[in-house]
Amino acid sequence: MQDPMEGRVWTLGKDVDTDGIIGGKYLTIIDPQELKKHVFEIALPEFAQAALPGDIIIADENFGCGSSREHAPQAMKAIGVGAVVADSFARIFFRNAINLGLPAIEAPGVRKIFEAGDTARIELKKGQITNLRTGASVTFPPLPAHLLHLLEVGGLVEKVKDELRQRAAAGPVV
Amino acid sequence: MSGNNGHGQTLAEKILSRASGLDRVVPGQIIEGQVDLAMMHEQGAQTVGPFHEMGAPRVWDPERVVIAIDHWVPASTEGAAVLHRILRKFAAEQHLTHFYDVGNHGICHQILAEDGWVVPGDLAVGTDSHTNMLGAVGAVAAGIGPTEMAAVLALGKLWLKVPPTLNVRVEGRLGKGVVAKDIVLRVLGEVKTTGATYKSVEFSGPTIERLSMPERFTICNMTTEMGAKCGMMPPDATTEEYLRNIAKHPSHPLRADADAAYERQITINVDDMPPMIACPYSPDNVRPLPDVAREHVKVDQVFLGSCTNARIEDLREGAALMRGHKVHADVRFIVSPASTKIYKQALEEGLLQVFTDAGAVFTNSSCSACFGGNMGILAPDEVCASSSNRNFPGRMGPKEARIYLMSPQATVAAAIRGEITDPREFL
Ligand code: SF4
């Protein structure tokens with residue numbers, strides 16, 4: 001997790017459903033490298049071809065609504081999305097993203113201050129996102145400590161690994 | 001109405017207090033909840049990798065894990081076959097015996113419902129967003145992602161933020177031909193797809209109390225479309241009766257305090273409410289169905305299925321309207337029961353005959369046409385009338401295709417007329 005981070009901006013509207021991020025026909029694909037070829041095929045068709053590592057997605061309300069498919073944040077992570085910032089998120093998408101170590105930042109009002117192609121600077125712990133072209137910025141409540149921790153260690157897999165290791169070191173529970 | 005300033009606890013707070021071993025919890029608090037039931041479907045294949053990566057030697061409690069394959073049954077692509085294989089292998093390795101494989105399969109949520117896997121007071125999680133449906137028994141049931149499920153399988157617990165609660169009180173009597181699906185569509189029209197994001201939706205009121213369990217499942221199912229973390233109903237005699245012979249573990253019936261602190265309360269009165277319909281491209285784009293029917297919206301495909309509405313009661317109601325009619329010549333009518341048990345029941349009761357005689361295709365039990373990844377996919381300019389729960393762009397394949405959501409009865413009416421039709425015309 002980089003903090004602060006800067007990246008080129010792609011914009012999306014509200015209610016981007018997980019079907020729009022990765023279609024139902026790709027749900028049997030397990031390999032993230034394969035999955036990423038189809039990311040945003042419906043919501044942002046030119047993205048998969050043109051995306052660069054570190055690009056930032058900026059969306060309106062209720063980003064990632066619909067099904068619980070982890071393929072959505074997984075494909076975004078695989079293609080190198082640095083962060084996804086939205087006016088608001090659907091619940092499961094938000095959890096999945098954080099659990100995979102993809103920063104998902106809820107910043108009400110963010111969509112309005114960006115246009116596609118702008119450069120965004122995100123200060124995660126401070127709780128601020130700035131449009132480096134216009135200078136406009138929006139503040140947001142920083143993520144709770146345990147979620148920042150999850151992002152820092154690289155996601156839930158790493159966190160549970162640690163916990164299991166500690167348990168093993170502590171010996172059998174009686 | 002705004003929030004109630006009481007100091008009591010909502011149903012979700014009661015259940016999460018129990019799950020976390022705390023006396024009381026408050027919205028916004030982050031807790032670790034002990035999981036009573038973990039369910040996986042094909043997406044669970046993505047759980048296996050992270051589970052091993054975490055270094056977990058074994059699943060915390062194989063008796064509390066259910067695997068049901070439902071999206072691609074039998075496997076329709078090589079990819080799906082591989083997912084099934086991963087799950088079978090994992091189940092064998094980990095001694096997960098509650099595996100509903102091809103031949104004993106069904107939509108995961110229906111399996112949990114009909115075999116009593118979730119009981120009052122439970123904290124249940126599943127790798128599918130409509131896990132909310134099981135809240136109808138008075139439980140917190142929520143969808144989680146597969147990596148998160150790996151952590152649950154490893155540790156038997158997960159972190160949760162205690163949700164604020166939206167109380168939806170339903171009053172009044174349903175007219176003839178107006179059903180539970182119409183209630184939840186009506187609520188969606190008011191709450192909208194973001195109105196309950198991160199929240200618990202708790203239903204109450206005399207209309208809810210009169211509903212059967214299948215009807216309650218239909219309503220809680222679509223709290224997912226409101227963005228809710230979970231949706232639930234207070235357990236009562238109906239719940240107890242439903243679970244009497246099937247409950248898989250002891251229940252802990254809890255109810256909200258009379259002075260529970262709700263973030264928001266709304267009341268819906270269903271007296272004189274017509275059948276409702278959700279128009280493209282959102283489940284909250286809800287209108288009275290008769291208004292849409294007046295526009296003579298032609299349909300190419302009709303789907304009576306999904307975890308929302310493919311229980312035996314739905315098929316019975318549908319068949320009752322179907323009898324004596326034919327499926328319209330321009331329509332493909334797909335009927336897919338929600339589980340193998342329901343399939344067999346439909347066969348025994350002659351419902352399969354009614355539908356196939358009328359010209360419908362009666363498929364095996366699965367998610368079927370609901371999600372655009374297996375069968376019943378639409379062409380770009382086509383229209384589908386469906387008893388399922390989502391109509392976002394691309395849900396049944398191409399993004400242009402238009403899906404209308406309605407009650408099972410209304411799907412049959414559309415199948416007969418070839419256009420959106422008020423089902424009450426067939427009563
Ligand atoms: S029937 Fe549809 S909504 Fe229900 S679990 Fe299957 S795909 Fe999801």
# chains A, B, ... in the order shown; residues from 1 in each chain; ligands from 1
$ residues_around --residues "stretch 393-403 of chain B" --least-positions-apart "5" --cutoff "8 Å" --atoms "only C-alpha atoms" --output "PyMOL selection string"
(chain A and resi 19-20+23-25+42) or (chain B and resi 279-281+369-373+376-386)
$ closest_atom_pairs --of "chain A" --to "ligand 1" --cutoff "10 Å" --atoms "only C-alpha atoms and all ligand atoms" --output "tab-separated table"
residue	atom	partner	partner_atom_place_in_ligand_line	distance
A:Gly24	CA	ligand 1	7 (S)	9.3
A:Gly66	CA	ligand 1	3 (S)	9.3
A:Ser67	CA	ligand 1	8 (Fe)	7.2
A:Ser68	CA	ligand 1	8 (Fe)	9.0
$ interface_residues --of "chain B" --to "chain A" --cutoff "9 Å" --atoms "only C-alpha atoms" --output "ChimeraX atom specification"
/B:42-43,45-46,50-51,53-56,77-83,127-130,143-148,150-151,154-155,193-194,197-198,224-225,227-229,371-374,390,392-399
$ select_by_dssp --residues "stretch 14-244 of chain B" --states "helix (DSSP H, G or I)" --output "JSON, numbers by chain"
{"B": [14, 15, 16, 17, 18, 19, 20, 42, 43, 44, 45, 46, 47, 48, 49, 50, 51, 52, 53, 62, 63, 64, 78, 79, 80, 81, 82, 83, 84, 85, 86, 87, 88, 89, 90, 91, 92, 93, 94, 108, 109, 110, 111, 112, 113, 114, 129, 130, 131, 132, 133, 134, 135, 136, 137, 146, 147, 148, 149, 150, 151, 152, 153, 154, 155, 180, 181, 182, 183, 184, 185, 186, 187, 188, 189, 190, 191, 206, 207, 208, 209, 210, 213, 214, 215, 216, 217, 218, 219, 220, 221, 224, 225, 226, 237, 238, 239, 240, 241, 242, 243]}
$ atom_distance --atom1 "atom CA of B:Gly156" --atom2 "atom CA of B:Leu134"
18.9 Å
$ residues_around --residues "A:Pro53" --least-positions-apart "5" --cutoff "9 Å" --atoms "only C-alpha atoms" --output "PDB file with all heavy atoms, in the first residue's frame"
ATOM      1  N   GLY A   7      -1.985   8.842  -9.375  1.00  0.00           N
ATOM      2  CA  GLY A   7      -2.284   8.012 -10.531  1.00  0.00           C
ATOM      3  C   GLY A   7      -3.239   8.703 -11.486  1.00  0.00           C
ATOM      4  O   GLY A   7      -3.929   9.676 -11.127  1.00  0.00           O
ATOM      5  N   ILE A  79      -4.966  -6.032 -12.902  1.00  0.00           N
ATOM      6  CA  ILE A  79      -4.568  -5.126 -13.978  1.00  0.00           C
ATOM      7  C   ILE A  79      -3.764  -3.946 -13.429  1.00  0.00           C
ATOM      8  O   ILE A  79      -3.229  -3.132 -14.181  1.00  0.00           O
ATOM      9  CB  ILE A  79      -5.803  -4.667 -14.795  1.00  0.00           C
ATOM     10  CG1 ILE A  79      -5.387  -4.309 -16.222  1.00  0.00           C
ATOM     11  CG2 ILE A  79      -6.523  -3.521 -14.108  1.00  0.00           C
ATOM     12  CD1 ILE A  79      -6.511  -4.307 -17.204  1.00  0.00           C
ATOM     13  N   GLY A  80      -3.698  -3.863 -12.098  1.00  0.00           N
ATOM     14  CA  GLY A  80      -2.802  -2.881 -11.490  1.00  0.00           C
ATOM     15  C   GLY A  80      -3.478  -1.623 -10.980  1.00  0.00           C
ATOM     16  O   GLY A  80      -2.800  -0.616 -10.715  1.00  0.00           O
ATOM     17  N   VAL A  81      -4.802  -1.648 -10.848  1.00  0.00           N
ATOM     18  CA  VAL A  81      -5.495  -0.471 -10.296  1.00  0.00           C
ATOM     19  C   VAL A  81      -4.887  -0.137  -8.926  1.00  0.00           C
ATOM     20  O   VAL A  81      -4.710  -1.024  -8.084  1.00  0.00           O
ATOM     21  CB  VAL A  81      -7.013  -0.753 -10.161  1.00  0.00           C
ATOM     22  CG1 VAL A  81      -7.697   0.327  -9.338  1.00  0.00           C
ATOM     23  CG2 VAL A  81      -7.652  -0.848 -11.547  1.00  0.00           C
ATOM     24  N   GLY A  82      -4.536   1.124  -8.727  1.00  0.00           N
ATOM     25  CA  GLY A  82      -3.880   1.519  -7.480  1.00  0.00           C
ATOM     26  C   GLY A  82      -4.865   1.697  -6.344  1.00  0.00           C
ATOM     27  O   GLY A  82      -4.587   1.367  -5.197  1.00  0.00           O
TER      28      GLY A  82
END
$ closest_residue --among "A:Ile122, A:Ala116, A:Ala168, A:Leu52" --to "A:Gly13" --atoms "only C-alpha atoms"
A:Ala116
$ select_by_dssp --residues "stretch 130-299 of chain B" --states "strand (DSSP E)" --output "ChimeraX atom specification"
/B:140-143,157-161,165-171,200-204,230-232,264-269,276-278,286-288
$ write_last_selection --atoms "C-alpha atoms" --output "compact mmCIF listing (two decimals), in the first residue's frame"
# COMPACT_ATOMS: atom_id res chain seq x y z
CA VAL B 140 -28.04 -12.58 10.69
CA ALA B 141 -27.18 -14.09 7.32
CA ALA B 142 -24.77 -12.22 5.08
CA GLY B 143 -22.84 -12.64 1.88
CA LYS B 157 -15.05 -16.26 12.90
CA LEU B 158 -14.99 -13.00 10.98
CA TRP B 159 -14.84 -9.28 11.61
CA LEU B 160 -18.09 -7.39 11.23
CA LYS B 161 -19.14 -3.83 11.67
CA THR B 165 -31.04 -1.01 11.40
CA LEU B 166 -33.78 0.10 9.05
CA ASN B 167 -37.14 -1.08 10.32
CA VAL B 168 -39.75 -1.75 7.66
CA ARG B 169 -43.20 -2.20 9.07
CA VAL B 170 -45.74 -3.71 6.72
CA GLU B 171 -49.44 -3.27 7.37
CA SER B 200 -29.68 -4.45 8.59
CA VAL B 201 -33.27 -4.42 7.35
CA GLU B 202 -35.70 -5.68 9.94
CA PHE B 203 -39.26 -6.36 8.85
CA SER B 204 -42.17 -6.26 11.24
CA CYS B 230 -28.60 -8.58 6.17
CA GLY B 231 -32.40 -8.66 6.22
CA MET B 232 -34.46 -10.41 8.81
CA ARG B 264 -34.84 4.80 10.35
CA GLN B 265 -38.36 3.39 10.29
CA ILE B 266 -40.74 3.22 7.38
CA THR B 267 -44.25 1.89 7.20
CA ILE B 268 -45.81 0.43 4.09
CA ASN B 269 -49.51 -0.25 3.79
CA MET B 276 -45.60 -4.40 -8.79
CA ILE B 277 -42.84 -4.61 -11.38
CA ALA B 278 -39.18 -3.50 -11.51
CA VAL B 286 -40.45 -0.03 -9.55
CA ARG B 287 -43.89 0.81 -10.96
CA PRO B 288 -47.38 -0.60 -10.53
$ closest_residue --among "B:Met322, B:Ala346, B:Cys367, B:Ala329" --to "B:Gln409" --atoms "only C-alpha atoms"
B:Met322
$ residues_around --residues "A:Glu6" --least-positions-apart "6" --cutoff "9 Å" --atoms "only C-alpha atoms" --output "MDAnalysis selection string"
chainID A and resid 54:56 82 119:122
$ write_last_selection --atoms "N, CA and C atoms" --output "compact mmCIF listing (two decimals), in the first residue's frame"
# COMPACT_ATOMS: atom_id res chain seq x y z
N GLY A 54 -1.25 1.44 -11.46
CA GLY A 54 -1.33 2.63 -10.64
C GLY A 54 -2.49 3.54 -11.00
N ASP A 55 -3.19 3.23 -12.07
CA ASP A 55 -4.37 4.03 -12.44
C ASP A 55 -5.40 3.99 -11.30
N ILE A 56 -6.16 5.05 -11.23
CA ILE A 56 -7.13 5.18 -10.14
C ILE A 56 -8.54 5.26 -10.72
N GLY A 82 -4.54 1.12 -8.73
CA GLY A 82 -3.88 1.52 -7.48
C GLY A 82 -4.86 1.70 -6.34
N THR A 119 -5.08 13.71 -12.94
CA THR A 119 -4.21 12.96 -12.03
C THR A 119 -4.70 13.19 -10.60
N ALA A 120 -4.82 12.09 -9.87
CA ALA A 120 -5.29 12.19 -8.49
C ALA A 120 -4.15 11.90 -7.53
N ARG A 121 -4.17 12.59 -6.42
CA ARG A 121 -3.23 12.28 -5.34
C ARG A 121 -4.06 11.88 -4.12
N ILE A 122 -3.78 10.69 -3.60
CA ILE A 122 -4.56 10.19 -2.47
C ILE A 122 -3.67 10.09 -1.24
